[in-house]
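Here's entry-v4.csv, which has CSV, C-alpha atoms:
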```csv
chain,number,residue,atom,x,y,z
A,1374,MET,CA,-50.0,20.6,132.5
A,1375,GLN,CA,-50.7,23.5,130.1
A,1376,THR,CA,-50.0,26.8,131.9
A,1377,ASP,CA,-50.5,29.3,129.1
A,1378,TRP,CA,-54.2,29.8,128.5
A,1379,THR,CA,-54.0,32.8,126.1
A,1380,GLU,CA,-55.6,32.6,122.6
A,1381,LYS,CA,-55.7,28.8,122.6
A,1382,GLU,CA,-58.3,26.8,120.7
A,1383,TYR,CA,-59.5,23.3,121.5
A,1384,SER,CA,-62.2,21.1,120.0
A,1385,ASP,CA,-63.5,17.7,121.3
A,1386,GLU,CA,-60.9,17.7,124.1
A,1387,SER,CA,-61.4,16.2,127.5
A,1388,PHE,CA,-60.3,18.2,130.6
A,1389,GLU,CA,-62.2,16.0,133.1
A,1390,GLU,CA,-61.0,16.2,136.7
A,1391,MET,CA,-58.2,18.6,135.8
A,1392,ASP,CA,-57.2,21.4,138.2
A,1393,PHE,CA,-57.4,24.9,136.8
A,1394,SER,CA,-57.7,26.7,140.1
A,1395,GLU,CA,-56.7,30.3,139.9
A,1396,ALA,CA,-55.8,29.9,136.2
A,1397,ASP,CA,-56.1,32.9,133.9
A,1398,PHE,CA,-57.9,32.2,130.5
A,1399,GLN,CA,-57.8,34.9,127.9
A,1400,ARG,CA,-59.4,34.8,124.4
A,1401,CYS,CA,-59.6,31.0,124.3
A,1402,ILE,CA,-62.1,29.0,122.3
A,1403,PHE,CA,-63.4,25.6,123.4
A,1404,THR,CA,-65.8,23.6,121.3
A,1405,HIS,CA,-67.5,20.3,122.4
A,1406,CYS,CA,-65.0,20.0,125.3
A,1407,LYS,CA,-65.6,18.2,128.6
A,1408,PHE,CA,-64.8,19.8,131.9
A,1409,THR,CA,-66.7,17.4,134.1
A,1410,ASP,CA,-65.5,17.3,137.7
A,1411,ALA,CA,-62.8,19.9,136.8
A,1412,ARG,CA,-61.6,22.4,139.4
A,1413,LEU,CA,-61.8,26.0,138.2
A,1414,SER,CA,-62.1,27.7,141.6
A,1415,GLU,CA,-61.0,31.3,141.6
A,1416,SER,CA,-60.1,31.1,137.9
A,1417,LYS,CA,-60.4,34.2,135.7
A,1418,MET,CA,-61.7,34.1,132.1
A,1419,SER,CA,-61.8,37.0,129.8
A,1420,TYR,CA,-63.3,37.1,126.2
A,1421,CYS,CA,-63.4,33.3,126.1
A,1422,ARG,CA,-65.9,31.3,124.1
A,1423,PHE,CA,-67.3,27.9,125.0
A,1424,GLU,CA,-69.6,26.1,122.6
A,1425,GLU,CA,-71.6,23.0,123.8
A,1426,CYS,CA,-69.1,22.2,126.6
A,1427,ASP,CA,-69.9,20.0,129.6
A,1428,PHE,CA,-69.1,21.4,133.0
A,1429,THR,CA,-71.1,18.8,135.0
A,1430,ARG,CA,-70.0,18.8,138.7
A,1431,ALA,CA,-67.2,21.3,138.0
A,1432,ARG,CA,-66.1,23.6,140.8
A,1433,MET,CA,-66.2,27.2,139.5
A,1434,ASN,CA,-66.7,28.9,142.8
A,1435,ALA,CA,-65.3,32.4,143.2
A,1436,ALA,CA,-64.4,32.5,139.5
A,1437,VAL,CA,-64.7,35.7,137.5
A,1438,PHE,CA,-66.0,35.6,133.9
A,1439,SER,CA,-65.7,38.8,131.8
A,1440,GLN,CA,-67.2,39.1,128.3
A,1441,CYS,CA,-67.3,35.4,127.9
A,1442,SER,CA,-69.7,33.3,125.8
A,1443,PHE,CA,-71.1,29.9,127.0
A,1444,ALA,CA,-73.5,28.7,124.2
A,1445,GLY,CA,-75.4,25.5,124.9
A,1446,CYS,CA,-73.2,24.5,127.8
A,1447,ILE,CA,-74.2,22.1,130.6
A,1448,PHE,CA,-73.7,23.2,134.1
A,1449,ASP,CA,-75.5,20.4,136.0
A,1450,ASN,CA,-74.5,20.3,139.6
A,1451,THR,CA,-71.8,22.9,139.0
A,1452,ASP,CA,-70.6,25.0,141.9
A,1453,PHE,CA,-70.7,28.7,141.2
A,1454,PHE,CA,-70.7,30.0,144.8
A,1455,THR,CA,-69.7,33.7,144.8
A,1456,SER,CA,-68.7,33.7,141.1
A,1457,THR,CA,-69.1,36.8,139.0
A,1458,PHE,CA,-70.5,37.0,135.4
A,1459,ASP,CA,-69.6,40.4,133.8
A,1460,ASN,CA,-71.5,41.0,130.6
A,1461,CYS,CA,-71.4,37.3,129.6
A,1462,SER,CA,-73.6,35.4,127.1
A,1463,MET,CA,-75.1,32.2,128.4
A,1464,LEU,CA,-77.4,31.4,125.5
A,1465,GLY,CA,-79.2,28.1,125.8
A,1466,SER,CA,-77.1,26.8,128.7
A,1467,THR,CA,-78.6,24.6,131.4
A,1468,PHE,CA,-78.1,24.9,135.2
A,1469,ALA,CA,-79.8,21.8,136.6
A,1470,GLU,CA,-79.1,21.7,140.4
A,1471,ALA,CA,-76.2,24.2,140.0
A,1472,LYS,CA,-75.2,26.0,143.1
A,1473,LEU,CA,-75.7,29.7,142.4
A,1474,ASP,CA,-75.5,31.1,146.0
A,1475,GLY,CA,-73.9,34.5,146.2
A,1476,ILE,CA,-73.3,34.9,142.5
A,1477,THR,CA,-73.0,38.4,140.9
A,1478,ILE,CA,-74.4,39.0,137.4
A,1479,LYS,CA,-73.6,42.3,135.7
A,1480,GLY,CA,-75.6,42.6,132.4
A,1481,GLY,CA,-75.3,40.0,129.7
A,1482,ASN,CA,-77.6,37.8,127.7
A,1483,TRP,CA,-79.1,34.8,129.4
A,1484,SER,CA,-81.7,34.0,126.8
A,1485,TRP,CA,-83.1,30.4,126.4
A,1486,VAL,CA,-81.2,29.3,129.6
A,1487,SER,CA,-82.8,26.7,131.9
A,1488,LEU,CA,-82.9,27.9,135.5
A,1489,ARG,CA,-85.7,25.6,136.6
A,1490,PHE,CA,-86.1,25.3,140.4
A,1491,GLN,CA,-83.1,27.6,141.0
A,1492,ASP,CA,-82.8,29.7,144.1
A,1493,LEU,CA,-82.2,33.2,142.8
A,1494,HIS,CA,-83.7,35.1,145.7
A,1495,GLY,CA,-82.4,38.6,146.4
A,1496,LEU,CA,-80.1,38.7,143.3
A,1497,ASP,CA,-79.5,41.9,141.4
A,1498,LEU,CA,-80.4,41.0,137.9
A,1499,ARG,CA,-81.0,44.5,136.6
A,1500,GLY,CA,-80.8,44.9,132.8
A,1501,ILE,CA,-80.0,41.4,131.8
A,1502,THR,CA,-81.7,39.6,128.9
A,1503,LEU,CA,-83.8,36.5,129.8
A,1504,VAL,CA,-85.8,36.1,126.6
A,1505,GLU,CA,-87.6,32.7,126.6
A,1506,ALA,CA,-85.6,31.7,129.7
A,1507,ASP,CA,-87.1,28.7,131.6
A,1508,LEU,CA,-87.6,30.0,135.2
A,1509,TYR,CA,-90.2,27.4,136.1
A,1510,ASN,CA,-90.6,27.2,139.9
A,1511,ALA,CA,-87.5,29.5,140.4
A,1512,ASN,CA,-87.3,31.4,143.7
A,1513,LEU,CA,-87.0,35.1,142.7
A,1514,THR,CA,-88.2,36.6,146.0
A,1515,LYS,CA,-86.9,40.1,146.6
A,1516,ALA,CA,-84.9,39.9,143.3
A,1517,ASP,CA,-84.1,43.1,141.5
A,1518,LEU,CA,-85.6,42.5,138.0
A,1519,ARG,CA,-85.8,46.2,136.9
A,1520,ASP,CA,-85.4,46.6,133.1
A,1521,VAL,CA,-84.9,42.8,132.6
A,1522,ASP,CA,-86.1,41.5,129.3
A,1523,LEU,CA,-88.3,38.5,130.2
A,1524,THR,CA,-90.0,38.3,126.8
A,1525,LYS,CA,-91.8,34.9,126.6
A,1526,ALA,CA,-90.0,33.6,129.7
A,1527,ASN,CA,-91.5,30.7,131.5
A,1528,LEU,CA,-92.4,31.9,135.0
A,1529,ASN,CA,-95.0,29.3,135.8
A,1530,HIS,CA,-94.9,28.6,139.6
A,1531,ALA,CA,-92.0,31.0,140.0
A,1532,ASN,CA,-92.0,33.0,143.3
A,1533,LEU,CA,-91.7,36.7,142.6
A,1534,ASP,CA,-92.9,37.8,146.0
A,1535,GLU,CA,-91.5,41.3,146.9
A,1536,ALA,CA,-89.4,41.4,143.6
A,1537,ASP,CA,-88.9,44.7,141.9
A,1538,MET,CA,-90.1,44.2,138.4
A,1539,ARG,CA,-90.5,47.8,137.3
A,1540,GLY,CA,-89.4,48.4,133.7
A,1541,ALA,CA,-89.1,44.7,132.9
A,1542,SER,CA,-90.4,43.5,129.6
A,1543,LEU,CA,-93.1,40.9,130.2
A,1544,VAL,CA,-94.3,40.5,126.6
A,1545,GLY,CA,-95.8,37.0,126.1
A,1546,VAL,CA,-95.4,36.1,129.9
A,1547,ASP,CA,-98.3,34.6,131.7
A,1548,LEU,CA,-98.1,35.5,135.4
A,1549,ARG,CA,-101.2,33.7,136.5
A,1550,GLU,CA,-99.3,30.7,137.8
A,1551,ALA,CA,-96.6,32.8,139.5
A,1552,SER,CA,-96.7,34.2,143.0
A,1553,ILE,CA,-96.3,38.0,143.0
A,1554,LYS,CA,-97.3,39.0,146.5
A,1555,GLY,CA,-95.8,42.4,147.3
A,1556,ALA,CA,-94.0,42.6,144.0
A,1557,GLN,CA,-93.3,46.1,142.7
A,1558,MET,CA,-94.8,46.7,139.2
A,1559,ASP,CA,-95.3,49.7,136.9
A,1560,ILE,CA,-98.6,50.7,135.4
A,1561,ALA,CA,-98.0,48.9,132.1
A,1562,GLN,CA,-97.3,45.7,133.9
A,1563,ALA,CA,-100.3,46.0,136.1
A,1564,VAL,CA,-102.5,46.5,133.0
A,1565,GLN,CA,-100.9,43.4,131.4
A,1566,LEU,CA,-101.6,41.4,134.6
A,1567,ALA,CA,-105.2,42.5,134.7
A,1568,ARG,CA,-105.6,41.4,131.0
A,1569,CYS,CA,-104.1,38.0,131.9
A,1570,TYR,CA,-107.1,37.6,134.2
A,1571,GLY,CA,-109.6,38.6,131.5
A,1572,ALA,CA,-110.0,42.3,132.4
A,1573,ILE,CA,-111.0,44.7,129.6
A,1574,ILE,CA,-108.9,47.9,129.8
A,1575,GLU,CA,-110.3,51.0,128.1
```

I need this file expressed as structure tokens, please.
Amino acid sequence: MQTDWTEKEYSDESFEEMDFSEADFQRCIFTHCKFTDARLSESKMSYCRFEECDFTRARMNAAVFSQCSFAGCIFDNTDFFTSTFDNCSMLGSTFAEAKLDGITIKGGNWSWVSLRFQDLHGLDLRGITLVEADLYNANLTKADLRDVDLTKANLNHANLDEADMRGASLVGVDLREASIKGAQMDIAQAVQLARCYGAIIE
């Protein structure tokens, strides 16, 4: 099996069910590749780019991703238990029924991702970009959302109870269908919320 994963480029390749546990990927490019049922536990990826790749049911627990890009990738039923994303771009990727328990996210751009029904409670999401992200029915209780860009994000039926939302951008967000009991908000957000309910602020 390939052991050197430095500056390699692959397109339309299948890596299904392959074992990449503890592998070290650096500056690799994968386009339209399949990693379904692959094992990537404790792997390390730095400055890699994945475009429209399929990671369905892959095991990526305890993996570390640094400065990586995953554009339009599928992570359905993927196991990310205790994985770390350090300044990664996840644009337009989907996480249907993915296991995100204990993950660490340090910055990065998660715009247009689908995190519907995901359990994200208590996560530190400070400063990440979630523009137009789909967080329908997501559990964000006690999450740290300070300075997160949630512009036009879908938060319908999301649970934001006791979340810290201070400084987050909520432009175009309708919070009327979200639960925000005990959430910390700044003055601008409180005014926006009041306007959502028809209040006239003078």

- Note on the structure: From atom CA of Lys1479 of chain A to atom CA of Asp1497 of chain A the spacing works out at 8.2 Å

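For Val1504 of chain A, the residues within 8 Å (counting only C-alpha atoms, excluding itself and residues fewer than 4 positions away along the chain) are A:Trp1483, A:Ser1484, A:Trp1485, A:Asp1522, A:Leu1523, A:Thr1524, A:Lys1525, A:Ala1526.
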
Would you export the selected residues with C-alpha atoms as a tab-separated table (two decimals), in the frame of the given file, please?
```tsv
chain	number	residue	atom	x	y	z
A	1483	TRP	CA	-79.10	34.80	129.40
A	1484	SER	CA	-81.70	34.00	126.80
A	1485	TRP	CA	-83.10	30.40	126.40
A	1522	ASP	CA	-86.10	41.50	129.30
A	1523	LEU	CA	-88.30	38.50	130.20
A	1524	THR	CA	-90.00	38.30	126.80
A	1525	LYS	CA	-91.80	34.90	126.60
A	1526	ALA	CA	-90.00	33.60	129.70
```

- Task: Could you give me, as number ranges by chain, the residues within 12 Å of Ala1396 of chain A, counting only C-alpha atoms and dropping anything in the same chain fewer than 3 positions from it?
- Result: A: 1374-1379, 1391-1393, 1399, 1412-1419, 1433, 1436-1438

Include C-alpha atoms and write out the residues we just selected as a PDB file, in the frame of the given file.
```pdb
ATOM      1  CA  MET A1374     -50.000  20.600 132.500  1.00  0.00           C
ATOM      2  CA  GLN A1375     -50.700  23.500 130.100  1.00  0.00           C
ATOM      3  CA  THR A1376     -50.000  26.800 131.900  1.00  0.00           C
ATOM      4  CA  ASP A1377     -50.500  29.300 129.100  1.00  0.00           C
ATOM      5  CA  TRP A1378     -54.200  29.800 128.500  1.00  0.00           C
ATOM      6  CA  THR A1379     -54.000  32.800 126.100  1.00  0.00           C
ATOM      7  CA  MET A1391     -58.200  18.600 135.800  1.00  0.00           C
ATOM      8  CA  ASP A1392     -57.200  21.400 138.200  1.00  0.00           C
ATOM      9  CA  PHE A1393     -57.400  24.900 136.800  1.00  0.00           C
ATOM     10  CA  GLN A1399     -57.800  34.900 127.900  1.00  0.00           C
ATOM     11  CA  ARG A1412     -61.600  22.400 139.400  1.00  0.00           C
ATOM     12  CA  LEU A1413     -61.800  26.000 138.200  1.00  0.00           C
ATOM     13  CA  SER A1414     -62.100  27.700 141.600  1.00  0.00           C
ATOM     14  CA  GLU A1415     -61.000  31.300 141.600  1.00  0.00           C
ATOM     15  CA  SER A1416     -60.100  31.100 137.900  1.00  0.00           C
ATOM     16  CA  LYS A1417     -60.400  34.200 135.700  1.00  0.00           C
ATOM     17  CA  MET A1418     -61.700  34.100 132.100  1.00  0.00           C
ATOM     18  CA  SER A1419     -61.800  37.000 129.800  1.00  0.00           C
ATOM     19  CA  MET A1433     -66.200  27.200 139.500  1.00  0.00           C
ATOM     20  CA  ALA A1436     -64.400  32.500 139.500  1.00  0.00           C
ATOM     21  CA  VAL A1437     -64.700  35.700 137.500  1.00  0.00           C
ATOM     22  CA  PHE A1438     -66.000  35.600 133.900  1.00  0.00           C
TER      23      PHE A1438
END
```

- Could you tell me how far atom CA of Asp1517 of chain A lies from atom CA of Arg1539 of chain A, in Å and to one decimal? 9.0 Å

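The coordinates place atom CA of Met1463 of chain A at 28.6 Å from atom CA of Ala1561 of chain A.
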
Can I get a file of segment 1446-1547 of chain A from the given structure, C-alpha atoms kept, as a short mmCIF file (atom, residue, chain, number, x, y, z; two decimals), in the first residue's frame?
```
data_model
loop_
_atom_site.label_atom_id
_atom_site.label_comp_id
_atom_site.auth_asym_id
_atom_site.auth_seq_id
_atom_site.Cartn_x
_atom_site.Cartn_y
_atom_site.Cartn_z
CA CYS A 1446 -17.56 16.40 0.71
CA ILE A 1447 -19.91 13.77 2.15
CA PHE A 1448 -19.40 12.73 5.77
CA ASP A 1449 -22.57 10.71 6.31
CA ASN A 1450 -22.25 8.40 9.34
CA THR A 1451 -18.55 9.32 9.59
CA ASP A 1452 -16.90 8.91 13.01
CA PHE A 1453 -15.01 12.06 14.09
CA PHE A 1454 -14.85 11.26 17.82
CA THR A 1455 -12.24 13.56 19.47
CA SER A 1456 -10.91 14.76 16.09
CA THR A 1457 -9.40 18.25 15.69
CA PHE A 1458 -10.04 20.73 12.88
CA ASP A 1459 -7.46 23.53 12.93
CA ASN A 1460 -8.37 26.41 10.57
CA CYS A 1461 -9.98 24.14 8.00
CA SER A 1462 -12.42 24.99 5.22
CA MET A 1463 -15.46 22.68 5.04
CA LEU A 1464 -17.50 24.59 2.44
CA GLY A 1465 -20.74 22.88 1.45
CA SER A 1466 -19.96 19.55 3.10
CA THR A 1467 -22.67 17.37 4.67
CA PHE A 1468 -22.56 15.62 8.03
CA ALA A 1469 -25.72 13.51 8.11
CA GLU A 1470 -25.64 11.37 11.27
CA ALA A 1471 -21.90 11.94 11.64
CA LYS A 1472 -20.45 11.32 15.10
CA LEU A 1473 -18.98 14.62 16.29
CA ASP A 1474 -18.63 13.88 20.01
CA GLY A 1475 -15.63 15.57 21.59
CA ILE A 1476 -14.40 17.29 18.42
CA THR A 1477 -12.27 20.43 18.59
CA ILE A 1478 -12.75 23.21 16.03
CA LYS A 1479 -10.20 26.02 15.94
CA GLY A 1480 -11.35 28.71 13.51
CA GLY A 1481 -12.00 27.95 9.88
CA ASN A 1482 -14.80 28.36 7.36
CA TRP A 1483 -17.82 26.06 7.72
CA SER A 1484 -20.14 28.00 5.43
CA TRP A 1485 -22.97 26.19 3.60
CA VAL A 1486 -22.35 23.00 5.58
CA SER A 1487 -25.25 20.79 6.61
CA LEU A 1488 -25.22 20.04 10.33
CA ARG A 1489 -28.92 19.25 10.63
CA PHE A 1490 -29.89 17.43 13.85
CA GLN A 1491 -26.25 17.38 15.02
CA ASP A 1492 -25.39 17.35 18.72
CA LEU A 1493 -22.97 20.24 19.14
CA HIS A 1494 -23.73 21.01 22.77
CA GLY A 1495 -20.96 22.62 24.78
CA LEU A 1496 -18.59 23.00 21.82
CA ASP A 1497 -16.22 25.95 21.60
CA LEU A 1498 -17.02 27.38 18.16
CA ARG A 1499 -15.64 30.86 18.73
CA GLY A 1500 -14.77 32.84 15.63
CA ILE A 1501 -15.65 30.25 12.99
CA THR A 1502 -17.64 31.13 9.86
CA LEU A 1503 -21.03 29.47 9.45
CA VAL A 1504 -22.55 31.62 6.72
CA GLU A 1505 -25.78 30.02 5.43
CA ALA A 1506 -25.00 26.84 7.37
CA ASP A 1507 -27.92 24.47 7.91
CA LEU A 1508 -28.24 23.98 11.67
CA TYR A 1509 -31.86 22.90 11.62
CA ASN A 1510 -32.76 21.18 14.91
CA ALA A 1511 -29.11 21.17 15.99
CA ASN A 1512 -28.32 20.96 19.70
CA LEU A 1513 -26.17 24.00 20.56
CA THR A 1514 -26.95 24.17 24.26
CA LYS A 1515 -24.14 25.82 26.23
CA ALA A 1516 -22.08 26.18 23.03
CA ASP A 1517 -19.62 29.07 22.81
CA LEU A 1518 -20.72 30.99 19.72
CA ARG A 1519 -18.94 34.25 20.45
CA ASP A 1520 -17.95 36.13 17.28
CA VAL A 1521 -19.29 33.35 15.02
CA ASP A 1522 -20.53 34.51 11.61
CA LEU A 1523 -24.01 33.00 11.36
CA THR A 1524 -25.18 35.23 8.53
CA LYS A 1525 -28.34 33.72 6.97
CA ALA A 1526 -27.80 30.44 8.83
CA ASN A 1527 -30.81 28.16 9.30
CA LEU A 1528 -31.42 27.91 13.05
CA ASN A 1529 -35.02 26.77 12.87
CA HIS A 1530 -35.80 24.48 15.83
CA ALA A 1531 -32.17 24.69 16.98
CA ASN A 1532 -31.58 24.55 20.74
CA LEU A 1533 -29.45 27.51 21.83
CA ASP A 1534 -30.32 27.34 25.52
CA GLU A 1535 -27.52 28.84 27.67
CA ALA A 1536 -25.32 29.36 24.59
CA ASP A 1537 -22.99 32.38 24.56
CA MET A 1538 -23.86 34.29 21.39
CA ARG A 1539 -22.24 37.63 22.16
CA GLY A 1540 -20.59 39.21 19.14
CA ALA A 1541 -22.01 36.65 16.71
CA SER A 1542 -23.34 37.94 13.39
CA LEU A 1543 -27.02 37.06 13.07
CA VAL A 1544 -27.78 39.02 9.89
CA GLY A 1545 -30.68 37.39 8.09
CA VAL A 1546 -31.25 34.85 10.89
CA ASP A 1547 -34.77 34.23 12.19
#
```
